[in-house]
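**Student:** My questions all concern the structure below.
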Amino acid sequence: MQLLMSGASPFVRKARVVVRELGLTDQITEVPISTTALSSDPTIVAANPIGKIPALLRDDGPAIYDSRVITRFLNDHAGGSLYPETRIWEILTLEATADAIMEAAVAMAYEVRLRPENERSSDWIEAQWAKANRGIIAVNNKWMSHLNGPLNIGQIAVACALSYVDLRHDARGWRTGNKALADWHAAFSQRDSMVATAPV
């Protein structure tokens, strides 16, 4: 199988971490793609008509896309336990919260990186940060119990979301007021899968 990816994407990183945690590195080739919100690489469009990464090219079926679809597929493929049935709805909600933080943080980055300075909207940027920040606060205040215990997709998604905020929006200082989450992230970031997928 082939994973169409870009190393800086938090959604891609989530899939790449899952590949490593499930021991699937010998079954999946990572294929770097140069694509942006303004110009989609033809390779990714052929796999995903929306043009977003990641996408997974399978040997025995059509390409699948969206990080949540890919990680669920990989977990089933490997017989993994990242989606425990006993807490499935809470874990999926935590993953969705993390993905929403990613989406807002990526939108902020696009506004700065892809628009000319005179076309940028500070109101838009601040509105996106408000979404991300509310998500971070919610995880710190309500979800810490789900970030402990056996590894699950919620943990991976939250770690990738926070690491992306560090990468693109470190000056926002998300750790202030979120000590429990900050401590957890510092420890989780030392996992081999996180170290191996850190953007370079």
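By order in the structure tokens, chains are A, B, ...; within a chain, residues start at 1; ligands start at 1, following the order shown.
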Tell me which protein, DNA and RNA residues are within 12 Å of A:Asp166, counting only C-alpha atoms, leaving out same-chain ones fewer than 5 positions away, and put them as an MDAnalysis selection string.
**Tutor:** chainID A and resid 8 10 102 105:106 109 159:161 171:175 182 185:186 189 198:199
**Student:** Pull C-alpha atoms from the residues just selected and write them as an mmCIF file, in the first residue's frame.
**Tutor:**
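For reference, part_23.cif as written:
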data_model
loop_
_atom_site.group_PDB
_atom_site.id
_atom_site.type_symbol
_atom_site.label_atom_id
_atom_site.label_comp_id
_atom_site.auth_asym_id
_atom_site.auth_seq_id
_atom_site.Cartn_x
_atom_site.Cartn_y
_atom_site.Cartn_z
ATOM 1 C CA ALA A 8 4.041 18.872 7.803
ATOM 2 C CA PRO A 10 -1.047 16.969 11.189
ATOM 3 C CA MET A 102 -5.979 20.686 13.479
ATOM 4 C CA ALA A 105 -4.731 25.621 13.098
ATOM 5 C CA VAL A 106 -4.216 24.703 9.433
ATOM 6 C CA ALA A 109 -1.496 28.866 8.668
ATOM 7 C CA ALA A 159 -0.731 14.662 20.280
ATOM 8 C CA CYS A 160 -0.536 15.393 16.539
ATOM 9 C CA ALA A 161 -2.855 18.396 16.888
ATOM 10 C CA ALA A 171 3.719 32.060 19.987
ATOM 11 C CA ARG A 172 0.105 31.430 21.036
ATOM 12 C CA GLY A 173 1.391 29.666 24.158
ATOM 13 C CA TRP A 174 -1.283 26.990 24.395
ATOM 14 C CA ARG A 175 0.377 25.453 27.452
ATOM 15 C CA ALA A 182 1.096 20.099 28.512
ATOM 16 C CA HIS A 185 1.978 15.991 25.585
ATOM 17 C CA ALA A 186 5.600 16.295 26.665
ATOM 18 C CA SER A 189 5.891 13.220 22.257
ATOM 19 C CA ALA A 198 8.271 14.869 13.526
ATOM 20 C CA PRO A 199 8.320 17.453 10.696
#
**Student:** Which distance in Å separates atom CA of A:Arg168 and atom CA of A:Asp192, to one decimal?
**Tutor:**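 It comes out at 22.1 Å.
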**Student:** I'd like the contact shell of A:Ala180 - 12 Å cut-off, only C-alpha atoms, skipping same-chain residues fewer than 6 positions apart - returned as a ChimeraX atom specification.
**Tutor:** /A:136-145,147-148,174,186-187
**Student:** From the set A:Ile44, A:Ile91, A:Ile33, A:Ala78, which residue has the shortest atom-to-atom contact distance to A:Ile156, counting only C-alpha atoms?
**Tutor:**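 Ranking A:Ile44, A:Ile91, A:Ile33, A:Ala78 by distance to A:Ile156, first place goes to A:Ile91.
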**Student:** May I have a table of the residues of stretch 81-186 of chain A lying at most 12 Å from stretch 14-28 of chain A, giving each one's closest pair of atoms and their distance in Å to one decimal, counting only C-alpha atoms, ordered by chain and ascending residue number, as a Markdown table?
**Tutor:**
| residue | atom | partner | partner_atom | distance |
| --- | --- | --- | --- | --- |
| A:Ser81 | CA | A:Leu22 | CA | 9.0 |
| A:Leu82 | CA | A:Val18 | CA | 8.7 |
| A:Tyr83 | CA | A:Val18 | CA | 11.6 |
| A:Glu95 | CA | A:Lys14 | CA | 10.3 |
| A:Ala98 | CA | A:Lys14 | CA | 10.4 |
| A:Asp99 | CA | A:Lys14 | CA | 9.7 |
| A:Met102 | CA | A:Lys14 | CA | 10.6 |
| A:Leu151 | CA | A:Glu21 | CA | 9.1 |
| A:Asn152 | CA | A:Val18 | CA | 9.6 |
| A:Ile153 | CA | A:Val18 | CA | 8.0 |
| A:Gly154 | CA | A:Lys14 | CA | 10.1 |
| A:Gln155 | CA | A:Lys14 | CA | 10.0 |
| A:Ile156 | CA | A:Lys14 | CA | 6.4 |
| A:Ala157 | CA | A:Lys14 | CA | 5.9 |
| A:Val158 | CA | A:Lys14 | CA | 9.1 |
| A:Ala159 | CA | A:Lys14 | CA | 8.6 |
| A:Cys160 | CA | A:Lys14 | CA | 6.0 |
| A:Ala161 | CA | A:Lys14 | CA | 8.6 |
| A:Leu162 | CA | A:Lys14 | CA | 11.5 |
| A:Ser163 | CA | A:Lys14 | CA | 10.8 |
| A:Tyr164 | CA | A:Lys14 | CA | 10.8 |
**Student:** Deliver the residues from the most recent selection as a file, using all heavy atoms, as a short mmCIF file (atom, residue, chain, number, x, y, z; two decimals), in the first residue's frame.
**Tutor:**
data_model
loop_
_atom_site.label_atom_id
_atom_site.label_comp_id
_atom_site.auth_asym_id
_atom_site.auth_seq_id
_atom_site.Cartn_x
_atom_site.Cartn_y
_atom_site.Cartn_z
N SER A 81 -6.01 -2.21 18.44
CA SER A 81 -6.96 -1.89 19.52
C SER A 81 -7.05 -0.39 19.76
O SER A 81 -7.29 0.04 20.89
CB SER A 81 -6.52 -2.60 20.80
OG SER A 81 -5.18 -2.25 21.14
N LEU A 82 -6.86 0.39 18.70
CA LEU A 82 -6.89 1.85 18.85
C LEU A 82 -8.30 2.39 18.98
O LEU A 82 -8.48 3.57 19.32
CB LEU A 82 -6.18 2.51 17.67
CG LEU A 82 -4.70 2.17 17.50
CD1 LEU A 82 -4.13 2.89 16.27
CD2 LEU A 82 -3.91 2.55 18.75
N TYR A 83 -9.30 1.57 18.68
CA TYR A 83 -10.70 1.99 18.77
C TYR A 83 -11.44 1.04 19.72
O TYR A 83 -12.22 0.20 19.29
CB TYR A 83 -11.36 1.96 17.39
CG TYR A 83 -10.81 3.00 16.43
CD1 TYR A 83 -9.68 2.72 15.66
CD2 TYR A 83 -11.42 4.23 16.29
CE1 TYR A 83 -9.16 3.66 14.79
CE2 TYR A 83 -10.92 5.17 15.40
CZ TYR A 83 -9.79 4.89 14.66
OH TYR A 83 -9.28 5.82 13.79
N GLU A 95 -11.20 12.19 19.21
CA GLU A 95 -10.50 12.30 17.93
C GLU A 95 -11.07 13.44 17.10
O GLU A 95 -10.32 14.22 16.48
CB GLU A 95 -10.60 10.99 17.15
CG GLU A 95 -9.86 11.03 15.81
CD GLU A 95 -10.09 9.80 14.95
OE1 GLU A 95 -11.04 9.03 15.22
OE2 GLU A 95 -9.31 9.62 14.00
N ALA A 98 -9.78 16.72 18.40
CA ALA A 98 -8.39 16.93 17.96
C ALA A 98 -8.33 17.33 16.50
O ALA A 98 -7.58 18.23 16.11
CB ALA A 98 -7.57 15.66 18.21
N ASP A 99 -9.13 16.67 15.67
CA ASP A 99 -9.15 17.01 14.24
C ASP A 99 -9.65 18.43 14.02
O ASP A 99 -9.18 19.14 13.11
CB ASP A 99 -10.02 16.02 13.47
CG ASP A 99 -9.30 14.70 13.17
OD1 ASP A 99 -8.19 14.50 13.72
OD2 ASP A 99 -9.84 13.88 12.41
N MET A 102 -6.84 20.70 14.66
CA MET A 102 -5.98 20.69 13.48
C MET A 102 -6.54 21.56 12.37
O MET A 102 -5.82 22.36 11.75
CB MET A 102 -5.83 19.26 12.94
CG MET A 102 -5.11 18.28 13.83
SD MET A 102 -5.03 16.68 12.98
CE MET A 102 -4.70 15.58 14.36
N LEU A 151 -3.11 2.76 24.71
CA LEU A 151 -3.06 3.66 23.55
C LEU A 151 -4.35 3.59 22.75
O LEU A 151 -4.87 2.50 22.47
CB LEU A 151 -1.87 3.27 22.66
CG LEU A 151 -1.64 4.17 21.43
CD1 LEU A 151 -1.20 5.55 21.86
CD2 LEU A 151 -0.60 3.52 20.51
N ASN A 152 -4.87 4.76 22.36
CA ASN A 152 -6.04 4.81 21.50
C ASN A 152 -5.89 5.95 20.50
O ASN A 152 -4.99 6.78 20.60
CB ASN A 152 -7.34 4.94 22.32
CG ASN A 152 -7.39 6.22 23.12
OD1 ASN A 152 -7.41 7.31 22.56
ND2 ASN A 152 -7.43 6.10 24.45
N ILE A 153 -6.79 5.99 19.51
CA ILE A 153 -6.68 6.98 18.45
C ILE A 153 -6.88 8.40 18.96
O ILE A 153 -6.31 9.35 18.39
CB ILE A 153 -7.69 6.66 17.31
CG1 ILE A 153 -7.37 7.48 16.06
CG2 ILE A 153 -9.11 6.89 17.78
CD1 ILE A 153 -5.99 7.22 15.46
N GLY A 154 -7.64 8.56 20.03
CA GLY A 154 -7.81 9.89 20.59
C GLY A 154 -6.50 10.47 21.07
O GLY A 154 -6.20 11.66 20.84
N GLN A 155 -5.70 9.65 21.73
CA GLN A 155 -4.39 10.10 22.21
C GLN A 155 -3.51 10.53 21.04
O GLN A 155 -2.86 11.59 21.08
CB GLN A 155 -3.71 8.99 23.00
CG GLN A 155 -4.44 8.58 24.26
CD GLN A 155 -3.86 7.32 24.87
OE1 GLN A 155 -2.89 6.76 24.37
NE2 GLN A 155 -4.48 6.85 25.94
N ILE A 156 -3.47 9.71 20.02
CA ILE A 156 -2.63 10.01 18.86
C ILE A 156 -3.08 11.30 18.18
O ILE A 156 -2.26 12.17 17.84
CB ILE A 156 -2.65 8.83 17.86
CG1 ILE A 156 -1.98 7.61 18.48
CG2 ILE A 156 -1.98 9.21 16.55
CD1 ILE A 156 -2.14 6.33 17.68
N ALA A 157 -4.38 11.46 18.01
CA ALA A 157 -4.90 12.65 17.35
C ALA A 157 -4.59 13.91 18.14
O ALA A 157 -4.17 14.94 17.59
CB ALA A 157 -6.41 12.51 17.12
N VAL A 158 -4.80 13.86 19.45
CA VAL A 158 -4.51 15.03 20.29
C VAL A 158 -3.04 15.39 20.23
O VAL A 158 -2.66 16.56 20.09
CB VAL A 158 -4.97 14.78 21.74
CG1 VAL A 158 -4.42 15.86 22.68
CG2 VAL A 158 -6.49 14.75 21.82
N ALA A 159 -2.17 14.40 20.32
CA ALA A 159 -0.73 14.66 20.28
C ALA A 159 -0.33 15.32 18.96
O ALA A 159 0.46 16.27 18.94
CB ALA A 159 0.05 13.37 20.49
N CYS A 160 -0.88 14.82 17.85
CA CYS A 160 -0.54 15.39 16.54
C CYS A 160 -1.08 16.81 16.40
O CYS A 160 -0.43 17.68 15.81
CB CYS A 160 -1.06 14.50 15.42
SG CYS A 160 -0.21 12.91 15.30
N ALA A 161 -2.27 17.06 16.95
CA ALA A 161 -2.86 18.40 16.89
C ALA A 161 -2.00 19.39 17.66
O ALA A 161 -1.68 20.48 17.17
CB ALA A 161 -4.28 18.37 17.43
N LEU A 162 -1.63 19.03 18.88
CA LEU A 162 -0.84 19.95 19.71
C LEU A 162 0.54 20.18 19.12
O LEU A 162 1.06 21.30 19.16
CB LEU A 162 -0.73 19.40 21.12
CG LEU A 162 -2.06 19.28 21.89
CD1 LEU A 162 -1.83 18.62 23.24
CD2 LEU A 162 -2.72 20.63 22.05
N SER A 163 1.12 19.14 18.55
CA SER A 163 2.45 19.30 17.94
C SER A 163 2.37 20.22 16.73
O SER A 163 3.32 20.98 16.46
CB SER A 163 3.01 17.93 17.54
OG SER A 163 3.28 17.15 18.68
N TYR A 164 1.27 20.18 15.99
CA TYR A 164 1.11 21.10 14.86
C TYR A 164 0.95 22.54 15.34
O TYR A 164 1.50 23.47 14.74
CB TYR A 164 -0.08 20.70 13.99
CG TYR A 164 -0.20 21.57 12.77
CD1 TYR A 164 0.61 21.35 11.65
CD2 TYR A 164 -1.09 22.63 12.73
CE1 TYR A 164 0.52 22.17 10.53
CE2 TYR A 164 -1.18 23.45 11.62
CZ TYR A 164 -0.38 23.21 10.51
OH TYR A 164 -0.47 24.04 9.41
#
**Student:** Using DSSP on the backbone coordinates, identify the residues of stretch 16-138 of chain A assigned to strand (DSSP E); present them as a VMD selection string.
**Tutor:** chain A and resid 29 to 32 55 to 57 64 to 65
**Student:** Separation of atom CA of A:Pro42 and atom CA of A:Phe11, in Å?
**Tutor:** 19.4 Å
**Student:** Write down as a PyMOL selection string the residues of stretch 17-195 of chain A whose backbone DSSP state falls under alpha helix (DSSP H).
**Tutor:** chain A and resi 17-21+42-47+67-78+88-114+122-142+153-169+179-188+192-195
**Student:** Give me, as a PDB file with C-alpha atoms, in the first residue's frame, all polymer residues having an atom no more than 9 Å from A:Ile64, counting only C-alpha atoms and skipping those fewer than 4 positions away in the same chain.
**Tutor:**
ATOM      1  CA  ALA A  47      -6.802   9.272  -5.397  1.00  0.00           C
ATOM      2  CA  ASN A  48      -9.044  11.838  -3.710  1.00  0.00           C
ATOM      3  CA  PRO A  54      -3.582  11.817   3.279  1.00  0.00           C
ATOM      4  CA  ALA A  55      -4.878   9.197   0.879  1.00  0.00           C
ATOM      5  CA  LEU A  56      -4.149   5.485   1.018  1.00  0.00           C
ATOM      6  CA  LEU A  57      -3.703   3.512  -2.193  1.00  0.00           C
ATOM      7  CA  ARG A  58      -4.647  -0.109  -1.571  1.00  0.00           C
ATOM      8  CA  VAL A  69     -11.110   6.680   7.526  1.00  0.00           C
ATOM      9  CA  ILE A  70      -7.490   5.679   6.937  1.00  0.00           C
ATOM     10  CA  PHE A  73      -8.930   0.984   8.152  1.00  0.00           C
TER      11      PHE A  73
END
